[in-house]
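These notes are about the structure you will find just below.
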Amino acid sequence: MRKLIITVVAVLAGCSNLQSTPVPQKASQTEVQARTKDYMNCIAPVAKRYDDGISDARTVAAGTVGGCPEKYEDLFEVLTRTDNDAVKRIFRQRQNQIQTDLALNVVLQLRAAARQ
């Protein structure tokens, strides 16, 4: 019995030295919007450079993928901050599609602005 008590006390004492890692907080909608805007503002000049105004907008958008890797990583971080590794891997697998979809919005907005 005495050995059991000593063992329990030793284990608990060892656990008290462990630092608990802070649980990441889900990104606020404002933070997600800000990072999305930052990425889209970064990709706009890239899209403008590639867009001839005639080519398919999705093709132009696909050409911009990888144009702003740091801003995309910032966006990725806020979108997946509280997700587990499996979800993050899925997100990474769809990365080109996500970047193309975001850039497509930019290309279409640029074309609309040019028509006005």
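We label chains A, B, ... in the order they appear in the structure tokens, count residues from 1 in each chain, and number ligands from 1 in the order shown.
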
Give me the residues within 9 Å of Thr100 (chain A) as a short mmCIF file (atom, residue, chain, number, x, y, z; two decimals) with N, CA, C and O atoms, in the first residue's frame, counting only C-alpha atoms and dropping any in the same chain fewer than 4 places off.
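Result went into part_1.cif, see below:
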```cif
data_model
loop_
_atom_site.label_atom_id
_atom_site.label_comp_id
_atom_site.auth_asym_id
_atom_site.auth_seq_id
_atom_site.Cartn_x
_atom_site.Cartn_y
_atom_site.Cartn_z
N ARG A 58 -10.83 31.51 -65.75
CA ARG A 58 -10.33 30.44 -64.89
C ARG A 58 -8.89 30.06 -65.26
O ARG A 58 -8.07 29.75 -64.40
N THR A 59 -8.58 30.09 -66.55
CA THR A 59 -7.22 29.80 -67.00
C THR A 59 -6.25 30.85 -66.48
O THR A 59 -5.16 30.53 -66.01
N VAL A 60 -6.66 32.10 -66.55
CA VAL A 60 -5.83 33.19 -66.02
C VAL A 60 -5.65 32.99 -64.52
O VAL A 60 -4.54 33.11 -63.98
N ALA A 61 -6.75 32.69 -63.83
CA ALA A 61 -6.69 32.49 -62.38
C ALA A 61 -5.75 31.34 -62.02
O ALA A 61 -4.95 31.45 -61.08
N ALA A 62 -5.81 30.25 -62.76
CA ALA A 62 -4.94 29.11 -62.50
C ALA A 62 -3.46 29.49 -62.66
O ALA A 62 -2.60 28.96 -61.96
N GLY A 63 -3.19 30.42 -63.56
CA GLY A 63 -1.82 30.87 -63.76
C GLY A 63 -1.28 31.67 -62.60
O GLY A 63 -0.06 31.83 -62.46
N THR A 64 -2.14 32.16 -61.74
CA THR A 64 -1.69 32.96 -60.60
C THR A 64 -1.35 32.12 -59.38
O THR A 64 -0.80 32.64 -58.41
N VAL A 65 -1.71 30.82 -59.42
CA VAL A 65 -1.48 29.96 -58.26
C VAL A 65 0.00 29.98 -57.90
O VAL A 65 0.87 29.83 -58.75
N GLN A 95 -5.38 22.70 -52.27
CA GLN A 95 -4.77 24.02 -52.26
C GLN A 95 -4.82 24.71 -53.62
O GLN A 95 -5.19 25.89 -53.70
N ASN A 96 -4.45 24.02 -54.68
CA ASN A 96 -4.47 24.65 -56.01
C ASN A 96 -5.87 25.08 -56.40
O ASN A 96 -6.07 26.16 -56.95
N LEU A 104 -9.87 33.52 -59.27
CA LEU A 104 -10.94 33.72 -60.26
C LEU A 104 -11.80 34.92 -59.87
O LEU A 104 -12.15 35.74 -60.73
N ASN A 105 -12.11 35.04 -58.60
CA ASN A 105 -12.87 36.21 -58.14
C ASN A 105 -12.13 37.49 -58.45
O ASN A 105 -12.72 38.48 -58.87
#
```

**OP:** Determine, counting only C-alpha atoms, which protein, DNA and RNA residues have an atom within 12 Å of an atom of Gln33 (chain A); residues of the same chain fewer than 6 positions away are not included. Present the result as an NGL selection string.
**Re:** :A and (27 or 39-41 or 74-75 or 78-79)

**OP:** Go through A:Val87, A:Gln29, A:Arg35, A:Tyr50 and flag the residue nearest Glu73 (chain A), using only C-alpha atoms for the distances.
**Re:**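 Ranking A:Val87, A:Gln29, A:Arg35, A:Tyr50 by distance to Glu73 (chain A), first place goes to A:Arg35.
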